[in-house]
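Undergrad: This is the structure I want to talk about, given as structure tokens.
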Amino acid sequence: MSGNIVYYSTYGSTKQYAEILAQKLQWPLYSWKEAKSRTLIHSDIVVMASNIRIGKLKIRKWARKHRGILRDKALYVLAVGANAPDEQDYYIETAMKSLDFLDLKRENIFGLGGIKHLSELKRTDAFLFRVLDKIIREGTMEREILLDADHFNPQDLNPVVMHIKRTFIRNKNKETP
Ligand SMILES: Cc1cc2nc3c(=O)[nH]c(=O)nc-3n(C[C@H](O)[C@H](O)[C@H](O)COP(=O)(O)O)c2cc1C
């Protein structure tokens, strides 16, 4: 049994989580740009780590393109967003909806808190937030979306590592006659 980790990160929090996970599991790590079907061909497990943007996992497009090869793998998802990590239902629903073309198990999806600093946003994102600000002023959306968030906590990866190792060992045992 072997695994790969593929990540999509814009501002770095997802990349950091993916790097720590790769180190803990001793599995190779690829950004979505590097990860081709041939990269994944010999692995039994794929962890997709992705940031969330306007309710969707950014890795969605990559996953859809590679859904043929992903279908044969045990899949785990790390969804990284500005919501608090105790809002696991939000993270799980977001991942299930974004990746509805894959056969995901709810227990293999983990929400992790990322970082959002409005002052550090790239130009298009800053523009988007200015538009959101206007919509909020007109009273159709919650103001919370415009606040900075920092829920980044590498300790939140510990249960993820334990869960992956547990299922990994179980599957490995199934292989030995
Ligand atoms: C344009 C934009 C839209 C976002 N939309 C969401 C969202 O819908 N839900 C959420 O939980 N976080 C949302 N976030 C917060 C990011 O997911 C969060 O900052 C995350 O840490 C980014 O990961 P990264 O650092 O790997 O890019 C959004 C951030 C930006 C810039």
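Residues are referred to by chain and number: the chain letter is A, B, ... according to the order shown in the structure tokens, the number counts from 1 in that chain, and ligands are numbered separately from 1 in the order shown.
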Please write out the residues within 9 Å of ligand 1 as number ranges by chain, counting only C-alpha atoms and all ligand atoms.
TA: A: 7-17, 49-58, 79-84, 90-91, 94, 112-118, 121-122, 124-129, 145, 148-152
Undergrad: Restricting it to N, CA and C atoms, dump the selection as a compact mmCIF listing (two decimals), in the first residue's frame.
TA:
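out32.txt was written with the following content:
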# COMPACT_ATOMS: atom_id res chain seq x y z
N TYR A 7 -2.03 18.73 -3.49
CA TYR A 7 -2.64 19.90 -2.85
C TYR A 7 -2.90 21.03 -3.83
N TYR A 8 -3.87 21.86 -3.45
CA TYR A 8 -4.15 23.12 -4.17
C TYR A 8 -4.17 24.22 -3.12
N SER A 9 -3.25 25.15 -3.22
CA SER A 9 -3.15 26.23 -2.23
C SER A 9 -2.88 27.55 -2.93
N THR A 10 -3.52 28.60 -2.49
CA THR A 10 -3.27 29.92 -3.10
C THR A 10 -2.40 30.77 -2.18
N TYR A 11 -2.72 30.76 -0.87
CA TYR A 11 -2.00 31.64 0.06
C TYR A 11 -1.08 30.88 1.02
N GLY A 12 -1.04 29.55 0.91
CA GLY A 12 -0.01 28.80 1.65
C GLY A 12 -0.48 27.94 2.80
N SER A 13 -1.68 28.16 3.37
CA SER A 13 -2.07 27.34 4.53
C SER A 13 -2.26 25.87 4.14
N THR A 14 -2.92 25.64 3.02
CA THR A 14 -3.16 24.25 2.60
C THR A 14 -1.84 23.56 2.30
N LYS A 15 -0.94 24.31 1.67
CA LYS A 15 0.37 23.74 1.35
C LYS A 15 1.10 23.34 2.64
N GLN A 16 1.00 24.20 3.65
CA GLN A 16 1.68 23.87 4.91
C GLN A 16 1.10 22.61 5.56
N TYR A 17 -0.25 22.52 5.58
CA TYR A 17 -0.87 21.30 6.12
C TYR A 17 -0.40 20.08 5.32
N ALA A 49 -5.70 17.72 -0.75
CA ALA A 49 -5.78 18.84 0.20
C ALA A 49 -6.07 20.08 -0.61
N SER A 50 -7.15 20.77 -0.24
CA SER A 50 -7.54 21.93 -1.07
C SER A 50 -8.08 23.07 -0.25
N ASN A 51 -7.81 24.28 -0.70
CA ASN A 51 -8.47 25.43 -0.10
C ASN A 51 -9.91 25.53 -0.64
N ILE A 52 -10.71 26.32 0.05
CA ILE A 52 -12.11 26.53 -0.36
C ILE A 52 -12.23 27.96 -0.84
N ARG A 53 -12.93 28.11 -1.91
CA ARG A 53 -13.13 29.45 -2.46
C ARG A 53 -14.58 29.57 -2.90
N ILE A 54 -15.26 30.51 -2.29
CA ILE A 54 -16.70 30.73 -2.56
C ILE A 54 -17.46 29.40 -2.59
N GLY A 55 -17.28 28.67 -1.51
CA GLY A 55 -18.07 27.45 -1.32
C GLY A 55 -17.64 26.24 -2.13
N LYS A 56 -16.50 26.35 -2.83
CA LYS A 56 -16.06 25.20 -3.63
C LYS A 56 -14.60 24.89 -3.37
N LEU A 57 -14.26 23.61 -3.43
CA LEU A 57 -12.86 23.22 -3.31
C LEU A 57 -12.14 23.55 -4.61
N LYS A 58 -11.01 24.25 -4.49
CA LYS A 58 -10.29 24.66 -5.69
C LYS A 58 -9.72 23.47 -6.47
N ALA A 79 -10.08 19.72 3.57
CA ALA A 79 -10.69 20.95 3.05
C ALA A 79 -10.28 22.10 3.98
N VAL A 80 -9.62 23.10 3.43
CA VAL A 80 -9.07 24.17 4.26
C VAL A 80 -9.81 25.48 3.96
N GLY A 81 -10.40 26.07 5.02
CA GLY A 81 -11.17 27.30 4.80
C GLY A 81 -11.05 28.27 5.95
N ALA A 82 -11.78 29.37 5.84
CA ALA A 82 -11.73 30.40 6.88
C ALA A 82 -12.74 30.13 7.99
N ASN A 83 -13.57 29.11 7.80
CA ASN A 83 -14.52 28.76 8.88
C ASN A 83 -13.78 28.10 10.03
N ALA A 84 -14.37 28.15 11.22
CA ALA A 84 -13.73 27.54 12.38
C ALA A 84 -13.68 26.02 12.18
N TYR A 90 -19.94 21.86 7.82
CA TYR A 90 -19.76 22.78 6.69
C TYR A 90 -18.68 22.25 5.74
N TYR A 91 -17.55 21.86 6.32
CA TYR A 91 -16.43 21.40 5.51
C TYR A 91 -16.77 20.11 4.75
N THR A 94 -19.26 20.84 1.96
CA THR A 94 -18.60 21.57 0.87
C THR A 94 -17.78 20.60 0.02
N LEU A 112 -10.12 21.76 7.92
CA LEU A 112 -9.04 22.38 8.68
C LEU A 112 -9.11 23.89 8.53
N GLY A 113 -8.82 24.58 9.62
CA GLY A 113 -8.89 26.04 9.58
C GLY A 113 -7.66 26.64 8.90
N GLY A 114 -7.91 27.54 7.98
CA GLY A 114 -6.81 28.21 7.28
C GLY A 114 -6.69 29.66 7.69
N ILE A 115 -5.98 30.41 6.88
CA ILE A 115 -5.74 31.82 7.20
C ILE A 115 -6.30 32.68 6.07
N LYS A 116 -6.98 33.77 6.46
CA LYS A 116 -7.44 34.74 5.46
C LYS A 116 -7.13 36.13 5.98
N HIS A 117 -6.18 36.80 5.36
CA HIS A 117 -5.87 38.18 5.74
C HIS A 117 -6.25 39.08 4.56
N LEU A 118 -7.26 39.89 4.79
CA LEU A 118 -7.79 40.69 3.68
C LEU A 118 -6.73 41.60 3.08
N LEU A 121 -4.57 39.88 0.21
CA LEU A 121 -5.21 39.18 -0.91
C LEU A 121 -4.63 39.64 -2.26
N LYS A 122 -4.60 38.70 -3.21
CA LYS A 122 -4.19 39.03 -4.57
C LYS A 122 -5.23 39.93 -5.21
N THR A 124 -7.32 40.06 -7.80
CA THR A 124 -8.70 39.67 -8.15
C THR A 124 -9.51 39.34 -6.89
N ASP A 125 -8.84 38.72 -5.90
CA ASP A 125 -9.53 38.39 -4.65
C ASP A 125 -9.91 39.66 -3.88
N ALA A 126 -8.98 40.63 -3.89
CA ALA A 126 -9.26 41.89 -3.20
C ALA A 126 -10.47 42.57 -3.85
N PHE A 127 -10.52 42.49 -5.17
CA PHE A 127 -11.65 43.08 -5.91
C PHE A 127 -12.96 42.38 -5.50
N LEU A 128 -12.87 41.05 -5.45
CA LEU A 128 -14.06 40.27 -5.07
C LEU A 128 -14.57 40.68 -3.69
N PHE A 129 -13.64 40.85 -2.76
CA PHE A 129 -14.05 41.22 -1.40
C PHE A 129 -14.62 42.65 -1.35
N ILE A 145 -18.00 37.48 6.69
CA ILE A 145 -17.17 37.06 5.57
C ILE A 145 -16.02 38.04 5.30
N ASP A 148 -10.88 39.16 8.90
CA ASP A 148 -9.71 38.29 8.84
C ASP A 148 -10.02 37.01 9.61
N ALA A 149 -9.34 35.93 9.23
CA ALA A 149 -9.51 34.67 9.98
C ALA A 149 -8.14 34.01 10.10
N ASP A 150 -7.88 33.44 11.27
CA ASP A 150 -6.66 32.64 11.42
C ASP A 150 -6.97 31.44 12.32
N HIS A 151 -7.32 30.35 11.67
CA HIS A 151 -7.63 29.12 12.42
C HIS A 151 -6.55 28.07 12.17
N PHE A 152 -5.44 28.50 11.59
CA PHE A 152 -4.39 27.54 11.23
C PHE A 152 -3.85 26.86 12.49
Undergrad: What are the DSSP strand (DSSP E) residues of chain A, as a VMD selection string?
TA: chain A and resid 3 to 8 29 to 31 45 to 53 56 to 57 74 to 81 109 to 113 115 to 116 149 to 150
Undergrad: Write a file of the selected residues as a compact mmCIF listing (two decimals), in the first residue's frame, keeping N, CA and C atoms.
TA:
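Produced file again-v9.txt, reproduced below:
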# COMPACT_ATOMS: atom_id res chain seq x y z
N GLY A 3 0.76 5.76 -0.72
CA GLY A 3 -0.11 6.92 -0.88
C GLY A 3 0.60 8.12 -1.46
N ASN A 4 -0.21 9.00 -2.03
CA ASN A 4 0.28 10.28 -2.55
C ASN A 4 -0.59 11.39 -1.99
N ILE A 5 0.01 12.57 -1.89
CA ILE A 5 -0.75 13.74 -1.44
C ILE A 5 -0.69 14.79 -2.55
N VAL A 6 -1.87 15.29 -2.92
CA VAL A 6 -1.93 16.34 -3.95
C VAL A 6 -2.61 17.55 -3.31
N TYR A 7 -2.03 18.73 -3.49
CA TYR A 7 -2.64 19.90 -2.85
C TYR A 7 -2.90 21.03 -3.83
N TYR A 8 -3.87 21.86 -3.45
CA TYR A 8 -4.15 23.12 -4.17
C TYR A 8 -4.17 24.22 -3.12
N LEU A 29 4.59 14.30 -2.04
CA LEU A 29 3.67 15.44 -2.10
C LEU A 29 3.79 16.12 -3.46
N TYR A 30 2.64 16.44 -4.05
CA TYR A 30 2.64 17.12 -5.35
C TYR A 30 1.64 18.26 -5.32
N SER A 31 1.99 19.35 -5.99
CA SER A 31 0.97 20.38 -6.20
C SER A 31 0.09 19.87 -7.34
N ILE A 45 -3.70 4.99 -2.33
CA ILE A 45 -4.39 6.02 -1.57
C ILE A 45 -4.00 7.40 -2.10
N VAL A 46 -4.99 8.27 -2.24
CA VAL A 46 -4.68 9.66 -2.61
C VAL A 46 -5.35 10.60 -1.61
N VAL A 47 -4.55 11.50 -1.03
CA VAL A 47 -5.09 12.55 -0.17
C VAL A 47 -5.14 13.81 -1.02
N MET A 48 -6.33 14.41 -1.13
CA MET A 48 -6.46 15.69 -1.83
C MET A 48 -6.63 16.79 -0.78
N ALA A 49 -5.70 17.72 -0.75
CA ALA A 49 -5.78 18.84 0.20
C ALA A 49 -6.07 20.08 -0.61
N SER A 50 -7.15 20.77 -0.24
CA SER A 50 -7.54 21.93 -1.07
C SER A 50 -8.08 23.07 -0.25
N ASN A 51 -7.81 24.28 -0.70
CA ASN A 51 -8.47 25.43 -0.10
C ASN A 51 -9.91 25.53 -0.64
N ILE A 52 -10.71 26.32 0.05
CA ILE A 52 -12.11 26.53 -0.36
C ILE A 52 -12.23 27.96 -0.84
N ARG A 53 -12.93 28.11 -1.91
CA ARG A 53 -13.13 29.45 -2.46
C ARG A 53 -14.58 29.57 -2.90
N LYS A 56 -16.50 26.35 -2.83
CA LYS A 56 -16.06 25.20 -3.63
C LYS A 56 -14.60 24.89 -3.37
N LEU A 57 -14.26 23.61 -3.43
CA LEU A 57 -12.86 23.22 -3.31
C LEU A 57 -12.14 23.55 -4.61
N ALA A 74 -8.31 4.68 -2.66
CA ALA A 74 -8.94 5.10 -1.40
C ALA A 74 -8.68 6.61 -1.29
N LEU A 75 -9.76 7.40 -1.13
CA LEU A 75 -9.60 8.86 -1.18
C LEU A 75 -9.83 9.50 0.18
N TYR A 76 -8.98 10.46 0.48
CA TYR A 76 -9.13 11.30 1.68
C TYR A 76 -9.08 12.75 1.22
N VAL A 77 -9.84 13.60 1.94
CA VAL A 77 -9.86 15.02 1.56
C VAL A 77 -9.56 15.88 2.78
N LEU A 78 -8.66 16.83 2.59
CA LEU A 78 -8.47 17.90 3.59
C LEU A 78 -9.02 19.17 2.97
N ALA A 79 -10.08 19.72 3.57
CA ALA A 79 -10.69 20.95 3.05
C ALA A 79 -10.28 22.10 3.98
N VAL A 80 -9.62 23.10 3.43
CA VAL A 80 -9.07 24.17 4.26
C VAL A 80 -9.81 25.48 3.96
N GLY A 81 -10.40 26.07 5.02
CA GLY A 81 -11.17 27.30 4.80
C GLY A 81 -11.05 28.27 5.95
N ILE A 109 -13.24 12.78 5.15
CA ILE A 109 -13.12 14.21 4.84
C ILE A 109 -12.84 14.97 6.14
N PHE A 110 -11.85 15.82 6.11
CA PHE A 110 -11.47 16.58 7.31
C PHE A 110 -11.42 18.07 6.97
N GLY A 111 -12.10 18.88 7.78
CA GLY A 111 -12.03 20.33 7.61
C GLY A 111 -10.93 20.89 8.49
N LEU A 112 -10.12 21.76 7.92
CA LEU A 112 -9.04 22.38 8.68
C LEU A 112 -9.11 23.89 8.53
N GLY A 113 -8.82 24.58 9.62
CA GLY A 113 -8.89 26.04 9.58
C GLY A 113 -7.66 26.64 8.90
N ILE A 115 -5.98 30.41 6.88
CA ILE A 115 -5.74 31.82 7.20
C ILE A 115 -6.30 32.68 6.07
N LYS A 116 -6.98 33.77 6.46
CA LYS A 116 -7.44 34.74 5.46
C LYS A 116 -7.13 36.13 5.98
N ALA A 149 -9.34 35.93 9.23
CA ALA A 149 -9.51 34.67 9.98
C ALA A 149 -8.14 34.01 10.10
N ASP A 150 -7.88 33.44 11.27
CA ASP A 150 -6.66 32.64 11.42
C ASP A 150 -6.97 31.44 12.32
Undergrad: What lies within 8 Å of stretch 61-65 of chain A using only C-alpha atoms, ignoring chain neighbours under 6 positions off, as a JSON list (two decimals) with C-alpha atoms, in the first residue's frame?
TA:
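The new file part_21.json reads:
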[["chain", "number", "residue", "atom", "x", "y", "z"],
["A", 32, "TRP", "CA", -2.05, 19.92, -8.51],
["A", 99, "LEU", "CA", -16.38, 16.47, -5.54],
["A", 101, "PHE", "CA", -18.39, 12.98, -9.16]]
Undergrad: From the options A:Gln26, A:Asp156, A:Glu34, A:Arg106, which residue's atoms come nearest to A:Asp86, counting only C-alpha atoms?
TA: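 Of A:Gln26, A:Asp156, A:Glu34, A:Arg106, the one nearest A:Asp86 is A:Asp156, counting only C-alpha atoms.
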